[in-house]
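Working notes, structure below.
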Amino acid sequence: MTELRDLTPHTSITQEQAGRDGRQRRLLRTFLPEMVGLERLLAEAPEVATTRVVERVVMKDLSLPIYQVDIGSARPDVPAVLIVGGVHGLERIGSQVVMAWLKSLLARVTWDEHLAGLLQKVRITLLPILNPGGMYLNQRSNPNGVDLMRNAPITAQDRSTFLLGGQRISPRLPWYTGDPEQGMEPENQALEAVIQELLPGRRSACRWTAIPALACRIRSGFPTPTGDDPCAGLLRSWR
């Protein structure tokens, strides 16, 4: 029988799958089908995409990878776009939208010469499932009970809504920011490392986070405790 590692150039996928036993594979299919779908998509991806594991979230039963996918130019001076999904474990649709967009892009790039040319002028990086542990547990926070959207090395400079703006009372309550003495959570440290890798030397860069609302939308920018958006007007500057 032909092995998956003989069919795909993406060794990070085969290595992850080879390390799981039958029970762990069943757990993934049951509680985190998005990861199963993502690995299948990446295993079938053309070589125009590169994949790697930037962090692992260790659970009681198995280790869950955080995958980074890169498409486009490797030049350090071209504009970069970072697309993130699955920040909150309950918001599965964010990851599903990112994966659907990625699937469409990978299918088009094999025949669309205009798209292939455009990808020579931009770098696209994706983290389709930033919070695999929370998604596996079907909870908003990560496995430590920390809301990744409210976990940062600094606090908001302006007054924020009680609890909703982040709280340090208990991880049993929603919007827990985590213990500041423990630093940022591993998922956010991985995100920070990816951003630090992308930014140096670039004229412009932007992060898009897929979040659910009345209808799923893409939120752009780098939200900061000051409320400033360094990406404001970025799309106008690319025209």
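Convention: chains lettered A, B, ... in structure tokens order; per-chain residue numbering from 1; ligands numbered from 1 as shown.
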Quick one: residues within 12 Å of Ala116 of chain A, only C-alpha atoms, excluding same-chain residues fewer than 4 positions away - as a list in words?
Val48, Ala49, Ile71, Gly72, Ser73, Leu105, Leu106, Ala107, Arg108, Val109, Thr110, Trp111, Asp112, Gln120, Lys121, Val122 and Arg123 of chain A
Writer output for current selection, all heavy atoms, as a short mmCIF file (atom, residue, chain, number, x, y, z; two decimals), in the first residue's frame:
data_model
loop_
_atom_site.label_atom_id
_atom_site.label_comp_id
_atom_site.auth_asym_id
_atom_site.auth_seq_id
_atom_site.Cartn_x
_atom_site.Cartn_y
_atom_site.Cartn_z
N VAL A 48 3.43 24.89 -4.15
CA VAL A 48 3.44 26.34 -4.00
C VAL A 48 3.20 26.73 -2.55
O VAL A 48 3.57 27.83 -2.12
CB VAL A 48 2.37 26.98 -4.91
CG1 VAL A 48 0.97 26.62 -4.47
CG2 VAL A 48 2.54 28.50 -4.97
N ALA A 49 2.61 25.83 -1.77
CA ALA A 49 2.37 26.08 -0.34
C ALA A 49 3.40 25.32 0.49
O ALA A 49 3.79 24.20 0.14
CB ALA A 49 0.97 25.63 0.05
N ILE A 71 2.22 30.89 1.51
CA ILE A 71 2.02 30.90 0.06
C ILE A 71 2.53 32.23 -0.47
O ILE A 71 2.32 33.27 0.15
CB ILE A 71 0.53 30.73 -0.31
CG1 ILE A 71 -0.05 29.49 0.33
CG2 ILE A 71 0.35 30.67 -1.82
CD1 ILE A 71 -1.55 29.38 0.19
N GLY A 72 3.18 32.20 -1.63
CA GLY A 72 3.62 33.45 -2.24
C GLY A 72 5.11 33.66 -2.15
O GLY A 72 5.89 32.73 -1.92
N SER A 73 5.49 34.92 -2.31
CA SER A 73 6.90 35.28 -2.40
C SER A 73 7.62 35.11 -1.07
O SER A 73 7.08 35.40 -0.01
CB SER A 73 7.03 36.74 -2.86
OG SER A 73 8.39 37.14 -2.86
N LEU A 105 -8.02 28.91 -3.07
CA LEU A 105 -6.77 29.50 -3.55
C LEU A 105 -5.85 28.43 -4.11
O LEU A 105 -5.25 28.60 -5.19
CB LEU A 105 -6.09 30.25 -2.41
CG LEU A 105 -4.78 30.96 -2.77
CD1 LEU A 105 -5.06 32.18 -3.64
CD2 LEU A 105 -4.02 31.39 -1.51
N LEU A 106 -5.70 27.32 -3.40
CA LEU A 106 -4.80 26.25 -3.84
C LEU A 106 -5.29 25.61 -5.14
O LEU A 106 -4.48 25.19 -5.97
CB LEU A 106 -4.67 25.19 -2.75
CG LEU A 106 -3.97 25.64 -1.47
CD1 LEU A 106 -4.01 24.54 -0.42
CD2 LEU A 106 -2.53 26.06 -1.76
N ALA A 107 -6.61 25.55 -5.31
CA ALA A 107 -7.14 24.99 -6.56
C ALA A 107 -6.90 25.94 -7.73
O ALA A 107 -6.55 25.50 -8.84
CB ALA A 107 -8.63 24.71 -6.40
N ARG A 108 -7.05 27.24 -7.49
CA ARG A 108 -6.89 28.23 -8.57
C ARG A 108 -5.45 28.40 -9.01
O ARG A 108 -5.17 28.62 -10.19
CB ARG A 108 -7.44 29.58 -8.12
CG ARG A 108 -8.95 29.71 -8.15
CD ARG A 108 -9.35 31.14 -7.83
NE ARG A 108 -8.73 32.10 -8.73
CZ ARG A 108 -8.69 33.42 -8.50
NH1 ARG A 108 -9.22 33.90 -7.39
NH2 ARG A 108 -8.12 34.22 -9.37
N VAL A 109 -4.52 28.31 -8.06
CA VAL A 109 -3.14 28.66 -8.37
C VAL A 109 -2.52 27.67 -9.36
O VAL A 109 -1.53 27.98 -10.02
CB VAL A 109 -2.30 28.71 -7.08
CG1 VAL A 109 -1.97 27.32 -6.56
CG2 VAL A 109 -1.03 29.53 -7.30
N THR A 110 -3.12 26.49 -9.50
CA THR A 110 -2.58 25.50 -10.43
C THR A 110 -2.88 25.83 -11.89
O THR A 110 -2.22 25.30 -12.79
CB THR A 110 -3.15 24.10 -10.11
OG1 THR A 110 -4.58 24.15 -10.20
CG2 THR A 110 -2.75 23.66 -8.70
N TRP A 111 -3.89 26.72 -12.12
CA TRP A 111 -4.23 27.04 -13.51
C TRP A 111 -4.36 28.53 -13.79
O TRP A 111 -4.32 28.96 -14.94
CB TRP A 111 -5.55 26.37 -13.89
CG TRP A 111 -6.72 26.76 -13.03
CD1 TRP A 111 -7.18 26.11 -11.93
CD2 TRP A 111 -7.58 27.91 -13.20
NE1 TRP A 111 -8.26 26.76 -11.39
CE2 TRP A 111 -8.54 27.87 -12.16
CE3 TRP A 111 -7.64 28.95 -14.13
CZ2 TRP A 111 -9.53 28.84 -12.00
CZ3 TRP A 111 -8.64 29.91 -13.98
CH2 TRP A 111 -9.56 29.85 -12.94
N ASP A 112 -4.50 29.35 -12.75
CA ASP A 112 -4.73 30.79 -12.93
C ASP A 112 -3.38 31.52 -12.99
O ASP A 112 -2.73 31.75 -11.97
CB ASP A 112 -5.57 31.32 -11.76
CG ASP A 112 -6.06 32.74 -11.99
OD1 ASP A 112 -5.36 33.51 -12.68
OD2 ASP A 112 -7.12 33.10 -11.46
N GLN A 120 3.64 36.26 -6.68
CA GLN A 120 5.06 36.59 -6.71
C GLN A 120 5.33 37.95 -6.08
O GLN A 120 6.49 38.31 -5.85
CB GLN A 120 5.56 36.58 -8.15
CG GLN A 120 5.48 35.23 -8.83
CD GLN A 120 6.31 34.17 -8.12
OE1 GLN A 120 7.46 34.42 -7.76
NE2 GLN A 120 5.71 33.00 -7.93
N LYS A 121 4.25 38.69 -5.76
CA LYS A 121 4.41 40.05 -5.25
C LYS A 121 3.89 40.20 -3.83
O LYS A 121 3.82 41.31 -3.30
CB LYS A 121 3.67 41.03 -6.16
CG LYS A 121 4.11 40.98 -7.61
CD LYS A 121 3.26 41.89 -8.48
CE LYS A 121 3.64 41.78 -9.95
NZ LYS A 121 2.78 42.65 -10.79
N VAL A 122 3.48 39.09 -3.21
CA VAL A 122 2.90 39.19 -1.87
C VAL A 122 3.18 37.88 -1.12
O VAL A 122 3.39 36.83 -1.74
CB VAL A 122 1.38 39.45 -1.94
CG1 VAL A 122 0.65 38.25 -2.52
CG2 VAL A 122 0.80 39.80 -0.58
N ARG A 123 3.22 37.97 0.19
CA ARG A 123 3.38 36.79 1.03
C ARG A 123 2.09 36.60 1.84
O ARG A 123 1.63 37.53 2.51
CB ARG A 123 4.56 36.98 1.98
CG ARG A 123 4.61 36.06 3.21
CD ARG A 123 5.30 34.75 2.93
NE ARG A 123 5.50 34.00 4.16
CZ ARG A 123 6.61 34.05 4.90
NH1 ARG A 123 7.61 34.85 4.54
NH2 ARG A 123 6.73 33.31 5.99
#
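Neighbouring residues of Pro128 of chain A at 9 Å or closer, counting only C-alpha atoms and skipping chain neighbours under 2 positions away, are Leu38, Ile66, Tyr67, Gln68, Val69, Ile83, Val84, Gly85, Gly86, Gly94, Ser95, Gln96, Val97, Val98, Met99, Leu126 and Leu130 of chain A.
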Once DSSP has gone over the backbone, tell me which residues of segment 87-210 of chain A are in strand (DSSP E or B), as a list in words.
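Result set for segment 87-210 of chain A (strand (DSSP E or B)): Arg123, Ile124, Thr125, Leu126, Leu127, Gln167, Tyr176, Ala205, Cys206, Arg207, Trp208, Thr209 and Ala210 of chain A.
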Would you please extract all alpha helix (DSSP H) residues from segment 30-149 of chain A, as assigned by DSSP on the backbone, and give them as a PyMOL selection string?
chain A and resi 30-31+33-43+92-109+113-118+132-137
Shell of 10 Å around Ala190 of chain A, only C-alpha atoms, local chain residues under 6 positions omitted, as a PyMOL selection string:
chain A and resi 53-56+66+68+127+130+184+196
Dump N, CA, C and O atoms for the selected residues as a compact mmCIF listing (two decimals), in the first residue's frame?
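result.txt was written with the following content:
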# COMPACT_ATOMS: atom_id res chain seq x y z
N VAL A 53 4.79 23.12 11.66
CA VAL A 53 4.15 23.18 12.97
C VAL A 53 4.88 24.22 13.80
O VAL A 53 6.09 24.10 14.03
N VAL A 54 4.17 25.26 14.23
CA VAL A 54 4.81 26.34 14.99
C VAL A 54 4.68 26.14 16.50
O VAL A 54 5.42 26.77 17.27
N GLU A 55 3.74 25.31 16.93
CA GLU A 55 3.55 25.05 18.35
C GLU A 55 2.67 23.80 18.49
O GLU A 55 1.95 23.43 17.57
N ARG A 56 2.76 23.18 19.64
CA ARG A 56 1.88 22.05 19.95
C ARG A 56 1.18 22.31 21.27
O ARG A 56 1.80 22.79 22.21
N ILE A 66 -0.32 23.33 15.92
CA ILE A 66 -0.75 24.59 15.33
C ILE A 66 0.02 24.74 14.02
O ILE A 66 1.25 24.89 14.03
N GLN A 68 1.22 26.35 10.44
CA GLN A 68 1.44 27.57 9.67
C GLN A 68 1.54 27.20 8.21
O GLN A 68 2.26 26.26 7.84
N LEU A 127 -2.70 30.84 9.76
CA LEU A 127 -2.79 29.99 10.95
C LEU A 127 -4.26 29.59 11.06
O LEU A 127 -5.04 30.25 11.75
N LEU A 130 -5.74 28.46 15.43
CA LEU A 130 -4.80 28.94 16.43
C LEU A 130 -5.04 28.29 17.79
O LEU A 130 -4.10 28.12 18.56
N MET A 184 2.42 35.31 28.27
CA MET A 184 1.37 34.97 27.31
C MET A 184 1.25 33.46 27.15
O MET A 184 2.21 32.71 27.38
N GLN A 196 6.54 38.41 14.27
CA GLN A 196 7.91 38.94 14.32
C GLN A 196 8.73 38.45 13.14
O GLN A 196 9.62 39.15 12.64
Can you check which parts of segment 35-112 of chain A lie within 7 Å of segment 133-148 of chain A? Per residue, the shortest pair of atoms and distance in Å to one decimal, counting only C-alpha atoms, sorted by chain and number, as CSV.
residue,atom,partner,partner_atom,distance
A:Val57,CA,A:Gly133,CA,6.3
A:Leu64,CA,A:Gly133,CA,6.9
A:Val87,CA,A:Leu148,CA,6.6
A:His88,CA,A:Arg140,CA,4.7
A:Gly89,CA,A:Met135,CA,3.7
A:Leu90,CA,A:Arg140,CA,4.9
With N, CA, C and O atoms retained, write the just-selected residues as a PDB file, in the first residue's frame.
ATOM      1  N   VAL A  57      -0.095  21.984  21.306  1.00  0.00           N
ATOM      2  CA  VAL A  57      -0.886  22.100  22.525  1.00  0.00           C
ATOM      3  C   VAL A  57      -1.070  20.686  23.072  1.00  0.00           C
ATOM      4  O   VAL A  57      -1.712  19.851  22.441  1.00  0.00           O
ATOM      5  N   LEU A  64      -1.852  18.411  19.991  1.00  0.00           N
ATOM      6  CA  LEU A  64      -2.499  19.058  18.853  1.00  0.00           C
ATOM      7  C   LEU A  64      -1.565  20.095  18.234  1.00  0.00           C
ATOM      8  O   LEU A  64      -1.106  21.004  18.931  1.00  0.00           O
ATOM      9  N   VAL A  87      -9.427  31.382  16.848  1.00  0.00           N
ATOM     10  CA  VAL A  87      -8.878  31.973  18.070  1.00  0.00           C
ATOM     11  C   VAL A  87      -9.697  31.536  19.279  1.00  0.00           C
ATOM     12  O   VAL A  87      -9.155  31.236  20.343  1.00  0.00           O
ATOM     13  N   HIS A  88     -11.007  31.508  19.121  1.00  0.00           N
ATOM     14  CA  HIS A  88     -11.904  31.002  20.159  1.00  0.00           C
ATOM     15  C   HIS A  88     -12.397  29.616  19.751  1.00  0.00           C
ATOM     16  O   HIS A  88     -12.888  29.431  18.635  1.00  0.00           O
ATOM     17  N   GLY A  89     -12.287  28.661  20.678  1.00  0.00           N
ATOM     18  CA  GLY A  89     -12.611  27.289  20.342  1.00  0.00           C
ATOM     19  C   GLY A  89     -14.049  27.065  19.925  1.00  0.00           C
ATOM     20  O   GLY A  89     -14.334  26.144  19.151  1.00  0.00           O
ATOM     21  N   LEU A  90     -14.964  27.897  20.400  1.00  0.00           N
ATOM     22  CA  LEU A  90     -16.373  27.749  20.043  1.00  0.00           C
ATOM     23  C   LEU A  90     -16.668  28.272  18.648  1.00  0.00           C
ATOM     24  O   LEU A  90     -17.709  27.946  18.070  1.00  0.00           O
TER      25      LEU A  90
END
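Distance check against Arg26 of chain A using only C-alpha atoms: of A:Leu119, A:Ile124, A:Leu62, A:Ala45, the minimum falls on A:Leu62.
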Separation of atom CA of Trp208 of chain A from atom CA of Arg150 of chain A, in Å and rounded to one decimal
17.0 Å
What lies within 8 Å of Asn151 of chain A using only C-alpha atoms, ignoring chain neighbours under 5 positions off, as a list in words?
Val146, Tyr176, Thr177, Gly178, Met184, Glu185 and Asn188 of chain A
Restrict the selected residues to N, CA, C and O atoms and save them as a PDB file, in the first residue's frame.
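And here's selection30.pdb as it stands now:
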ATOM      1  N   VAL A 146      -7.886  30.353  29.432  1.00  0.00           N
ATOM      2  CA  VAL A 146      -7.518  31.728  29.085  1.00  0.00           C
ATOM      3  C   VAL A 146      -8.134  32.113  27.746  1.00  0.00           C
ATOM      4  O   VAL A 146      -8.024  31.377  26.762  1.00  0.00           O
ATOM      5  N   TYR A 176     -11.265  35.402  30.786  1.00  0.00           N
ATOM      6  CA  TYR A 176     -10.110  35.378  31.694  1.00  0.00           C
ATOM      7  C   TYR A 176      -8.841  35.727  30.923  1.00  0.00           C
ATOM      8  O   TYR A 176      -8.552  35.151  29.874  1.00  0.00           O
ATOM      9  N   THR A 177      -8.075  36.682  31.442  1.00  0.00           N
ATOM     10  CA  THR A 177      -6.877  37.151  30.739  1.00  0.00           C
ATOM     11  C   THR A 177      -5.643  36.315  31.023  1.00  0.00           C
ATOM     12  O   THR A 177      -4.644  36.434  30.318  1.00  0.00           O
ATOM     13  N   GLY A 178      -5.709  35.483  32.075  1.00  0.00           N
ATOM     14  CA  GLY A 178      -4.529  34.732  32.468  1.00  0.00           C
ATOM     15  C   GLY A 178      -3.736  35.458  33.531  1.00  0.00           C
ATOM     16  O   GLY A 178      -3.968  36.633  33.830  1.00  0.00           O
ATOM     17  N   MET A 184       2.424  35.312  28.271  1.00  0.00           N
ATOM     18  CA  MET A 184       1.375  34.972  27.313  1.00  0.00           C
ATOM     19  C   MET A 184       1.251  33.456  27.154  1.00  0.00           C
ATOM     20  O   MET A 184       2.213  32.714  27.377  1.00  0.00           O
ATOM     21  N   GLU A 185       0.083  33.041  26.741  1.00  0.00           N
ATOM     22  CA  GLU A 185      -0.179  31.623  26.510  1.00  0.00           C
ATOM     23  C   GLU A 185       0.614  31.127  25.296  1.00  0.00           C
ATOM     24  O   GLU A 185       0.975  31.904  24.410  1.00  0.00           O
ATOM     25  N   ASN A 188      -0.560  32.278  21.843  1.00  0.00           N
ATOM     26  CA  ASN A 188      -0.264  33.674  21.515  1.00  0.00           C
ATOM     27  C   ASN A 188       1.237  33.898  21.330  1.00  0.00           C
ATOM     28  O   ASN A 188       1.645  34.757  20.550  1.00  0.00           O
TER      29      ASN A 188
END
